[in-house]
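S.K.: Structure file data.cif (mmCIF, C-alpha atoms) is given on the next line.
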data_upload
#
loop_
_atom_site.group_PDB
_atom_site.id
_atom_site.type_symbol
_atom_site.label_atom_id
_atom_site.label_comp_id
_atom_site.auth_asym_id
_atom_site.auth_seq_id
_atom_site.Cartn_x
_atom_site.Cartn_y
_atom_site.Cartn_z
ATOM 1 C CA MET A 1 26.250 38.093 -85.749
ATOM 2 C CA LYS A 2 27.586 34.510 -85.699
ATOM 3 C CA LYS A 3 30.831 35.676 -87.311
ATOM 4 C CA LEU A 4 31.204 38.437 -84.705
ATOM 5 C CA ILE A 5 30.691 35.986 -81.831
ATOM 6 C CA ALA A 6 33.105 33.498 -83.381
ATOM 7 C CA SER A 7 35.718 36.230 -83.917
ATOM 8 C CA LEU A 8 35.407 37.430 -80.318
ATOM 9 C CA MET A 9 35.786 33.887 -78.977
ATOM 10 C CA ILE A 10 38.808 33.166 -81.161
ATOM 11 C CA ALA A 11 40.435 36.432 -80.102
ATOM 12 C CA ALA A 12 39.824 35.750 -76.402
ATOM 13 C CA THR A 13 41.066 32.176 -76.680
ATOM 14 C CA SER A 14 44.145 33.171 -78.689
ATOM 15 C CA LEU A 15 45.018 35.901 -76.180
ATOM 16 C CA SER A 16 44.843 33.445 -73.292
ATOM 17 C CA LEU A 17 47.098 30.993 -75.135
ATOM 18 C CA VAL A 18 49.701 33.635 -75.915
ATOM 19 C CA SER A 19 49.886 34.795 -72.304
ATOM 20 C CA CYS A 20 50.820 31.395 -70.795
ATOM 21 C CA ASN A 21 53.364 28.703 -71.476
ATOM 22 C CA ALA A 22 52.336 25.076 -71.702
ATOM 23 C CA THR A 23 55.713 23.945 -70.338
ATOM 24 C CA PRO A 24 55.891 23.648 -66.537
ATOM 25 C CA LYS A 25 58.034 26.333 -64.897
ATOM 26 C CA ASN A 26 60.259 23.888 -62.988
ATOM 27 C CA GLU A 27 60.948 20.181 -62.412
ATOM 28 C CA ALA A 28 58.599 19.969 -59.415
ATOM 29 C CA ALA A 29 55.727 21.355 -61.494
ATOM 30 C CA ALA A 30 56.582 18.921 -64.308
ATOM 31 C CA ALA A 31 56.578 15.983 -61.893
ATOM 32 C CA GLU A 32 53.242 17.117 -60.441
ATOM 33 C CA ARG A 33 51.709 17.349 -63.914
ATOM 34 C CA THR A 34 53.044 13.897 -64.841
ATOM 35 C CA THR A 35 51.577 12.392 -61.664
ATOM 36 C CA GLY A 36 48.264 14.113 -62.400
ATOM 37 C CA ALA A 37 48.250 12.765 -65.965
ATOM 38 C CA GLN A 38 48.995 9.224 -64.764
ATOM 39 C CA ASP A 39 46.190 9.489 -62.190
ATOM 40 C CA THR A 40 43.816 10.797 -64.872
ATOM 41 C CA ILE A 41 44.648 7.930 -67.241
ATOM 42 C CA ALA A 42 44.089 5.433 -64.406
ATOM 43 C CA ALA A 43 40.734 7.063 -63.578
ATOM 44 C CA PHE A 44 39.588 6.856 -67.208
ATOM 45 C CA LYS A 45 40.615 3.180 -67.420
ATOM 46 C CA ALA A 46 38.885 2.419 -64.096
ATOM 47 C CA LYS A 47 35.684 4.084 -65.289
ATOM 48 C CA ASP A 48 35.841 2.243 -68.621
ATOM 49 C CA PRO A 49 38.296 -0.678 -68.963
ATOM 50 C CA THR A 50 37.773 -0.703 -72.766
ATOM 51 C CA MET A 51 39.716 2.587 -72.932
ATOM 52 C CA ALA A 52 42.969 0.664 -72.444
ATOM 53 C CA ASN A 53 42.609 -0.380 -76.088
ATOM 54 C CA LEU A 54 42.441 3.282 -77.153
ATOM 55 C CA PHE A 55 45.653 4.149 -75.311
ATOM 56 C CA ASN A 56 47.356 1.199 -77.058
ATOM 57 C CA SER A 57 45.968 1.734 -80.564
ATOM 58 C CA ALA A 58 45.903 5.546 -80.901
ATOM 59 C CA HIS A 59 48.805 7.225 -82.679
ATOM 60 C CA GLY A 60 48.962 9.616 -79.724
ATOM 61 C CA TYR A 61 46.964 11.392 -77.048
ATOM 62 C CA ALA A 62 46.873 14.520 -74.901
ATOM 63 C CA VAL A 63 45.851 14.347 -71.219
ATOM 64 C CA PHE A 64 44.421 17.435 -69.494
ATOM 65 C CA THR A 65 43.939 17.181 -65.739
ATOM 66 C CA ASN A 66 41.684 19.366 -63.627
ATOM 67 C CA VAL A 67 40.539 21.778 -66.339
ATOM 68 C CA GLY A 68 38.843 24.735 -64.626
ATOM 69 C CA LYS A 69 35.700 26.150 -66.214
ATOM 70 C CA GLY A 70 33.451 29.040 -65.242
ATOM 71 C CA GLY A 71 31.025 31.482 -66.684
ATOM 72 C CA LEU A 72 28.391 34.140 -66.264
ATOM 73 C CA ILE A 73 27.029 34.829 -69.776
ATOM 74 C CA VAL A 74 30.634 34.849 -71.053
ATOM 75 C CA GLY A 75 32.683 31.880 -69.936
ATOM 76 C CA GLY A 76 35.991 30.204 -70.269
ATOM 77 C CA ALA A 77 38.055 27.205 -69.329
ATOM 78 C CA HIS A 78 41.751 26.559 -69.058
ATOM 79 C CA GLY A 79 43.868 23.484 -68.441
ATOM 80 C CA LYS A 80 47.353 22.123 -68.953
ATOM 81 C CA GLY A 81 48.503 18.639 -69.822
ATOM 82 C CA GLU A 82 50.932 16.196 -71.352
ATOM 83 C CA VAL A 83 51.148 14.905 -74.910
ATOM 84 C CA TRP A 84 52.129 11.345 -75.850
ATOM 85 C CA GLU A 85 52.956 9.924 -79.277
ATOM 86 C CA GLN A 86 53.689 6.286 -80.094
ATOM 87 C CA GLY A 87 54.063 5.392 -76.406
ATOM 88 C CA ARG A 88 56.403 8.191 -75.301
ATOM 89 C CA LYS A 89 55.885 11.641 -73.856
ATOM 90 C CA ILE A 90 56.767 14.266 -76.454
ATOM 91 C CA GLY A 91 55.621 17.522 -74.909
ATOM 92 C CA TRP A 92 53.255 19.743 -73.004
ATOM 93 C CA ALA A 93 49.964 21.325 -73.983
ATOM 94 C CA GLN A 94 47.419 23.776 -72.771
ATOM 95 C CA MET A 95 43.770 24.158 -73.608
ATOM 96 C CA SER A 96 41.710 27.320 -73.517
ATOM 97 C CA GLN A 97 37.994 27.526 -74.111
ATOM 98 C CA ALA A 98 35.772 30.533 -74.653
ATOM 99 C CA THR A 99 31.969 30.414 -74.609
ATOM 100 C CA ILE A 100 29.119 32.884 -74.849
ATOM 101 C CA GLY A 101 25.453 32.352 -74.019
ATOM 102 C CA ALA A 102 23.249 31.411 -71.098
ATOM 103 C CA GLN A 103 25.639 30.044 -68.446
ATOM 104 C CA ILE A 104 26.382 30.442 -64.766
ATOM 105 C CA GLY A 105 28.650 28.574 -62.363
ATOM 106 C CA GLY A 106 31.941 26.787 -62.303
ATOM 107 C CA GLN A 107 33.306 23.266 -62.505
ATOM 108 C CA SER A 108 36.408 21.252 -63.250
ATOM 109 C CA PHE A 109 36.918 18.157 -65.368
ATOM 110 C CA ASP A 110 39.571 15.956 -66.965
ATOM 111 C CA GLU A 111 39.902 15.558 -70.730
ATOM 112 C CA ILE A 112 41.766 13.153 -72.990
ATOM 113 C CA ILE A 113 42.114 13.660 -76.726
ATOM 114 C CA PHE A 114 43.053 10.614 -78.811
ATOM 115 C CA PHE A 115 44.659 11.050 -82.242
ATOM 116 C CA GLU A 116 44.000 8.218 -84.666
ATOM 117 C CA THR A 117 46.638 9.138 -87.254
ATOM 118 C CA LYS A 118 49.994 10.884 -87.552
ATOM 119 C CA GLU A 119 48.279 13.611 -89.612
ATOM 120 C CA ALA A 120 45.781 14.370 -86.823
ATOM 121 C CA MET A 121 48.610 14.399 -84.277
ATOM 122 C CA ASP A 122 50.745 16.692 -86.461
ATOM 123 C CA ASN A 123 47.822 19.113 -86.761
ATOM 124 C CA PHE A 124 47.640 19.258 -82.954
ATOM 125 C CA LYS A 125 51.415 19.709 -82.644
ATOM 126 C CA ARG A 126 51.265 22.698 -85.013
ATOM 127 C CA SER A 127 48.725 24.238 -82.580
ATOM 128 C CA GLU A 128 46.199 24.305 -85.420
ATOM 129 C CA PHE A 129 43.688 22.092 -83.627
ATOM 130 C CA GLU A 130 40.336 23.538 -82.505
ATOM 131 C CA VAL A 131 37.015 21.938 -81.573
ATOM 132 C CA ALA A 132 33.536 23.084 -80.647
ATOM 133 C CA ALA A 133 33.448 23.057 -76.854
ATOM 134 C CA GLN A 134 30.515 20.750 -76.227
ATOM 135 C CA ALA A 135 29.982 19.206 -79.639
ATOM 136 C CA SER A 136 32.628 16.509 -79.764
ATOM 137 C CA ALA A 137 33.357 15.328 -76.212
ATOM 138 C CA VAL A 138 32.086 11.964 -74.953
ATOM 139 C CA ALA A 139 31.570 11.474 -71.219
ATOM 140 C CA ALA A 140 33.689 8.532 -70.118
ATOM 141 C CA ALA A 141 31.473 5.714 -68.899
ATOM 142 C CA SER A 142 31.595 1.947 -68.928
ATOM 143 C CA GLY A 143 31.774 0.838 -72.560
ATOM 144 C CA ALA A 144 32.167 4.337 -74.016
ATOM 145 C CA GLY A 145 35.667 3.596 -75.283
ATOM 146 C CA ALA A 146 34.454 0.556 -77.202
ATOM 147 C CA ASN A 147 31.541 2.398 -78.821
ATOM 148 C CA ALA A 148 33.043 5.814 -79.595
ATOM 149 C CA ARG A 149 34.326 6.595 -83.079
ATOM 150 C CA TYR A 150 36.999 8.925 -84.352
ATOM 151 C CA GLU A 151 35.784 12.079 -86.086
ATOM 152 C CA LYS A 152 38.348 13.579 -88.469
ATOM 153 C CA GLY A 153 41.045 11.510 -86.758
ATOM 154 C CA VAL A 154 40.219 12.738 -83.246
ATOM 155 C CA MET A 155 38.230 11.382 -80.297
ATOM 156 C CA ILE A 156 37.672 13.377 -77.076
ATOM 157 C CA PHE A 157 36.596 12.073 -73.671
ATOM 158 C CA THR A 158 35.801 13.998 -70.485
ATOM 159 C CA LEU A 159 35.481 12.685 -66.951
ATOM 160 C CA GLY A 160 34.562 13.817 -63.468
ATOM 161 C CA GLU A 161 32.783 17.110 -63.825
ATOM 162 C CA ARG A 162 33.049 18.542 -60.323
ATOM 163 C CA GLY A 163 31.108 21.651 -59.330
ATOM 164 C CA LEU A 164 27.897 23.061 -60.715
ATOM 165 C CA MET A 165 27.459 24.800 -64.010
ATOM 166 C CA VAL A 166 24.335 25.385 -66.051
ATOM 167 C CA GLU A 167 24.903 26.359 -69.649
ATOM 168 C CA ALA A 168 23.351 26.658 -73.059
ATOM 169 C CA ALA A 169 26.340 28.304 -74.685
ATOM 170 C CA VAL A 170 28.410 28.068 -77.834
ATOM 171 C CA GLY A 171 32.149 28.213 -77.998
ATOM 172 C CA GLY A 172 35.309 26.394 -78.828
ATOM 173 C CA GLN A 173 38.526 24.968 -77.491
ATOM 174 C CA LYS A 174 41.954 25.928 -78.793
ATOM 175 C CA PHE A 175 45.191 24.147 -77.977
ATOM 176 C CA LYS A 176 48.861 25.046 -77.766
ATOM 177 C CA PHE A 177 51.624 22.413 -77.957
ATOM 178 C CA GLU A 178 55.212 22.788 -76.763
ATOM 179 C CA PRO A 179 57.705 19.945 -77.378
ATOM 180 C CA LEU A 180 60.004 18.610 -74.669
ATOM 181 C CA THR A 181 63.322 20.411 -74.697
#
Just dump the structure as C-alpha coordinates.
M.R.:
Amino acid sequence: MKKLIASLMIAATSLSLVSCNATPKNEAAAAERTTGAQDTIAAFKAKDPTMANLFNSAHGYAVFTNVGKGGLIVGGAHGKGEVWEQGRKIGWAQMSQATIGAQIGGQSFDEIIFFETKEAMDNFKRSEFEVAAQASAVAAASGAGANARYEKGVMIFTLGERGLMVEAAVGGQKFKFEPLT
(Lines of atoms letter the chains of each structure in order from A and count residues from 1; the text may use other names and numbers.)
(Lines give C-alpha, C1' and ligand atoms only; values in the text may rest on other atoms or scores of the structure.)
Protein backbone atom coordinates (compact mmCIF):
# COMPACT_ATOMS: atom_id res chain seq x y z
CA MET A 1 0.00 0.00 0.00
CA LYS A 2 2.84 2.42 0.84
CA LYS A 3 4.42 1.79 -2.56
CA LEU A 4 1.09 2.46 -4.30
CA ILE A 5 0.63 5.76 -2.44
CA ALA A 6 4.22 6.78 -3.15
CA SER A 7 3.83 5.91 -6.85
CA LEU A 8 0.60 7.91 -7.13
CA MET A 9 2.20 10.94 -5.47
CA ILE A 10 5.29 10.78 -7.67
CA ALA A 11 3.13 10.48 -10.78
CA ALA A 12 0.95 13.43 -9.78
CA THR A 13 3.95 15.57 -8.88
CA SER A 14 5.83 14.66 -12.06
CA LEU A 15 2.79 15.46 -14.21
CA SER A 16 2.46 18.90 -12.63
CA LEU A 17 6.15 19.62 -13.23
CA VAL A 18 5.97 18.60 -16.88
CA SER A 19 2.96 20.82 -17.55
CA CYS A 20 4.58 24.11 -16.43
CA ASN A 21 7.79 25.96 -17.11
CA ALA A 22 9.89 27.31 -14.27
CA THR A 23 11.10 30.21 -16.44
CA PRO A 24 8.91 33.33 -16.30
CA LYS A 25 6.97 33.97 -19.51
CA ASN A 26 8.22 37.55 -19.98
CA GLU A 27 10.54 40.20 -18.51
CA ALA A 28 7.81 41.72 -16.33
CA ALA A 29 7.09 38.33 -14.75
CA ALA A 30 10.83 37.78 -14.23
CA ALA A 31 11.19 41.17 -12.54
CA GLU A 32 8.18 40.44 -10.32
CA ARG A 33 9.65 37.10 -9.28
CA THR A 34 13.03 38.70 -8.54
CA THR A 35 11.37 41.38 -6.39
CA GLY A 36 9.40 38.67 -4.58
CA ALA A 37 12.57 36.65 -3.94
CA GLN A 38 14.40 39.71 -2.59
CA ASP A 39 11.44 40.50 -0.31
CA THR A 40 11.36 36.87 0.88
CA ILE A 41 15.09 36.88 1.68
CA ALA A 42 14.67 40.15 3.60
CA ALA A 43 11.72 38.68 5.54
CA PHE A 44 13.74 35.59 6.50
CA LYS A 45 16.68 37.74 7.64
CA ALA A 46 14.34 40.04 9.61
CA LYS A 47 12.74 37.06 11.34
CA ASP A 48 16.15 35.54 12.11
CA PRO A 49 19.26 37.73 11.64
CA THR A 50 21.51 34.64 11.97
CA MET A 51 20.26 33.51 8.54
CA ALA A 52 22.50 36.11 6.89
CA ASN A 53 25.38 33.74 7.65
CA LEU A 54 23.62 30.93 5.75
CA PHE A 55 23.16 33.08 2.65
CA ASN A 56 26.89 33.94 2.78
CA SER A 57 28.24 30.46 3.54
CA ALA A 58 25.95 28.17 1.50
CA HIS A 59 27.17 27.01 -1.90
CA GLY A 60 23.77 28.06 -3.25
CA TYR A 61 20.09 28.43 -2.46
CA ALA A 62 16.63 28.39 -4.03
CA VAL A 63 13.96 30.91 -2.96
CA PHE A 64 10.26 30.07 -3.40
CA THR A 65 7.82 32.89 -2.74
CA ASN A 66 4.13 32.52 -1.98
CA VAL A 67 3.85 28.75 -2.43
CA GLY A 68 0.14 27.87 -2.57
CA LYS A 69 -1.02 24.74 -0.77
CA GLY A 70 -4.43 23.12 -0.43
CA GLY A 71 -6.07 19.83 0.22
CA LEU A 72 -9.12 17.77 0.98
CA ILE A 73 -7.86 14.21 1.63
CA VAL A 74 -5.60 14.57 -1.43
CA GLY A 75 -3.56 17.75 -1.49
CA GLY A 76 -0.93 19.61 -3.35
CA ALA A 77 1.24 22.68 -3.41
CA HIS A 78 2.97 24.60 -6.14
CA GLY A 79 5.43 27.48 -6.21
CA LYS A 80 8.04 29.11 -8.40
CA GLY A 81 11.33 30.71 -7.49
CA GLU A 82 14.88 31.73 -8.23
CA VAL A 83 18.10 29.77 -7.82
CA TRP A 84 21.42 31.29 -6.72
CA GLU A 85 24.88 29.73 -6.74
CA GLN A 86 28.07 31.30 -5.39
CA GLY A 87 26.43 34.73 -5.10
CA ARG A 88 24.83 34.97 -8.56
CA LYS A 89 21.45 34.06 -9.96
CA ILE A 90 21.76 31.02 -12.22
CA GLY A 91 18.19 30.06 -12.99
CA TRP A 92 14.57 29.47 -12.17
CA ALA A 93 12.85 26.66 -10.31
CA GLN A 94 9.45 25.35 -9.48
CA MET A 95 8.28 23.14 -6.66
CA SER A 96 5.33 20.78 -6.66
CA GLN A 97 4.09 18.83 -3.69
CA ALA A 98 1.59 16.01 -3.49
CA THR A 99 0.11 14.69 -0.24
CA ILE A 100 -2.48 12.14 0.79
CA GLY A 101 -4.14 11.69 4.17
CA ALA A 102 -6.29 13.59 6.62
CA GLN A 103 -6.15 17.23 5.45
CA ILE A 104 -8.49 20.11 4.73
CA GLY A 105 -7.91 23.78 3.93
CA GLY A 106 -5.46 25.99 2.15
CA GLN A 107 -2.49 28.20 2.93
CA SER A 108 0.54 29.85 1.41
CA PHE A 109 4.13 30.05 2.61
CA ASP A 110 7.65 30.97 1.55
CA GLU A 111 10.47 28.43 1.37
CA ILE A 112 14.24 28.66 1.05
CA ILE A 113 16.46 25.67 0.37
CA PHE A 114 20.16 26.03 1.18
CA PHE A 115 22.73 23.78 -0.51
CA GLU A 116 25.87 23.18 1.51
CA THR A 117 28.00 21.70 -1.28
CA LYS A 118 28.40 21.80 -5.05
CA GLU A 119 27.26 18.15 -5.17
CA ALA A 120 23.97 18.95 -3.41
CA MET A 121 23.45 21.94 -5.71
CA ASP A 122 24.22 19.85 -8.82
CA ASN A 123 21.66 17.26 -7.71
CA PHE A 124 19.04 20.03 -7.51
CA LYS A 125 20.06 21.43 -10.91
CA ARG A 126 19.58 17.99 -12.49
CA SER A 127 15.99 18.09 -11.13
CA GLU A 128 16.77 14.95 -9.14
CA PHE A 129 16.04 16.55 -5.78
CA GLU A 130 13.04 15.39 -3.73
CA VAL A 131 12.14 15.71 -0.04
CA ALA A 132 9.41 14.52 2.27
CA ALA A 133 6.94 17.40 2.48
CA GLN A 134 6.87 18.00 6.21
CA ALA A 135 9.86 16.01 7.39
CA SER A 136 12.75 18.32 6.65
CA ALA A 137 11.53 21.92 6.80
CA VAL A 138 12.39 24.18 9.74
CA ALA A 139 10.10 27.10 10.56
CA ALA A 140 12.16 30.28 10.43
CA ALA A 141 12.32 31.87 13.86
CA SER A 142 14.84 33.88 15.82
CA GLY A 143 17.97 31.75 16.16
CA ALA A 144 16.79 28.95 13.87
CA GLY A 145 19.49 29.67 11.31
CA ALA A 146 22.22 29.36 13.92
CA ASN A 147 20.90 26.06 15.30
CA ALA A 148 19.77 24.23 12.15
CA ARG A 149 22.02 21.64 10.55
CA TYR A 150 22.40 20.43 6.99
CA GLU A 151 20.98 17.00 6.23
CA LYS A 152 22.57 15.34 3.19
CA GLY A 153 23.89 18.74 2.12
CA VAL A 154 20.50 20.47 2.25
CA MET A 155 18.68 22.70 4.75
CA ILE A 156 15.08 23.90 4.23
CA PHE A 157 13.31 26.79 5.95
CA THR A 158 9.68 27.91 5.66
CA LEU A 159 8.13 31.18 6.76
CA GLY A 160 4.78 32.91 7.02
CA GLU A 161 2.15 30.24 6.69
CA ARG A 162 -0.93 32.26 5.80
CA GLY A 163 -4.37 30.66 5.75
CA LEU A 164 -5.68 27.66 7.63
CA MET A 165 -4.87 24.06 6.94
CA VAL A 166 -5.19 21.03 9.17
CA GLU A 167 -3.28 17.98 8.05
CA ALA A 168 -1.90 14.64 9.08
CA ALA A 169 -0.72 13.64 5.62
CA VAL A 170 2.29 12.13 3.92
CA GLY A 171 3.80 13.32 0.71
CA GLY A 172 6.79 14.82 -0.97
CA GLN A 173 8.15 17.80 -2.84
CA LYS A 174 9.74 17.57 -6.27
CA PHE A 175 11.67 20.34 -7.98
CA LYS A 176 12.42 21.40 -11.54
CA PHE A 177 15.37 23.67 -12.42
CA GLU A 178 15.79 25.72 -15.59
CA PRO A 179 19.04 27.68 -16.14
CA LEU A 180 19.08 31.31 -17.25
CA THR A 181 19.26 31.57 -21.01
S.K.: Could you spell out the hits of the PyMOL selection byres ((chain A and resi 114) around 7) on the shown file, as a PyMOL selection string?
M.R.: chain A and resi 58+60-62+112-113+115-116+154-156
S.K.: Write out as a list in words the residues lying within 9 Å of Leu180 of chain A, counting all atoms listed in the file and excluding same-chain residues fewer than 5 positions away.
M.R.: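 Here the qualifying residues turn out to be Thr23, Lys89, Ile90, Gly91 and Trp92 of chain A.
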S.K.: Atom CA of Lys176 of chain A and atom CA of Ala98 of chain A are how many Å apart?
M.R.: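 Spanning atom CA of Lys176 of chain A to atom CA of Ala98 of chain A is a straight-line distance of 14.5 Å.
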S.K.: Kindly resolve the PyMOL selection byres ((chain A and resi 108-111) around 8) on the present coordinates and return the residues as a CSV table (one decimal) with C-alpha atoms, in the frame of the given file.
M.R.:
chain,number,residue,atom,x,y,z
A,40,THR,CA,43.8,10.8,-64.9
A,63,VAL,CA,45.9,14.3,-71.2
A,64,PHE,CA,44.4,17.4,-69.5
A,65,THR,CA,43.9,17.2,-65.7
A,66,ASN,CA,41.7,19.4,-63.6
A,67,VAL,CA,40.5,21.8,-66.3
A,68,GLY,CA,38.8,24.7,-64.6
A,69,LYS,CA,35.7,26.2,-66.2
A,106,GLY,CA,31.9,26.8,-62.3
A,107,GLN,CA,33.3,23.3,-62.5
A,112,ILE,CA,41.8,13.2,-73.0
A,113,ILE,CA,42.1,13.7,-76.7
A,156,ILE,CA,37.7,13.4,-77.1
A,157,PHE,CA,36.6,12.1,-73.7
A,158,THR,CA,35.8,14.0,-70.5
A,159,LEU,CA,35.5,12.7,-67.0
A,160,GLY,CA,34.6,13.8,-63.5
A,161,GLU,CA,32.8,17.1,-63.8
A,162,ARG,CA,33.0,18.5,-60.3
A,163,GLY,CA,31.1,21.7,-59.3
S.K.: As AutoDock Vina command-line options, please report the centre and edge lengths, rounded to one decimal in Å, of the axis-aligned box that holds all listed atoms of segment 82-90 of chain A with 5 Å of padding on each of the six sides.
M.R.:
--center_x 53.8 --center_y 10.8 --center_z -75.7 --size_x 15.8 --size_y 20.8 --size_z 18.7
S.K.: State, in Å with one decimal place, the distance from atom CA of Glu130 of chain A to atom CA of Ala37 of chain A.
M.R.: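 Interatomic distance, atom CA of Glu130 of chain A to atom CA of Ala37 of chain A: 21.3 Å.
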S.K.: Could you tell me how far atom CA of His59 of chain A sits from atom CA of Phe177 of chain A, in Å to one decimal place?
M.R.: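 Atom CA of His59 of chain A lies 16.2 Å from atom CA of Phe177 of chain A.
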S.K.: Once the PyMOL selection byres ((chain A and resi 78) around 8) has been evaluated on this model, what residues remain selected, and can you format them as a list of chain:residue names?
M.R.: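 Listing what the PyMOL selection byres ((chain A and resi 78) around 8) selects in the shown file: A:Val67, A:Gly68, A:Lys69, A:Gly76, A:Ala77, A:Gly79, A:Lys80, A:Gln94, A:Met95, A:Ser96, A:Gln97.
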S.K.: My list of candidates is A:Thr99, A:Thr181, A:Asn56, A:Asn21. Which is closest to Gly75 of chain A when distances are computed with all atoms listed in the file?
M.R.: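 For Gly75 of chain A, the nearest of the given residues is A:Thr99.
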S.K.: Which residue, A:Phe44, A:Phe55, A:Trp84, A:Phe129, has the smallest gap to Pro179 of chain A when you use all atoms listed in the file?
M.R.: A:Trp84
S.K.: Nearest to Lys152 of chain A: which of A:Val83, A:Met121, A:Ile41, A:Ala31 is it, counting all atoms listed in the file?
M.R.: A:Met121
S.K.: When distances are computed from all atoms listed in the file, which of A:Leu72, A:Ala148, A:Ala120, A:Leu54 shows the smallest separation from Gly101 of chain A?
M.R.: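 Closest residue, counting all atoms listed in the file: A:Leu72.
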S.K.: Find, counting all atoms listed in the file, the residue in A:Gln38, A:Met51, A:Gly81, A:Gly153 that gets nearest to Asn123 of chain A.
M.R.: A:Gly153
S.K.: Name the closest residue to Val74 of chain A among the candidates A:Gly87, A:Gly36, A:Pro24, A:Gly105; distances are taken between atoms, counting all atoms listed in the file.
M.R.: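 Smallest separation from Val74 of chain A among the options: A:Gly105.
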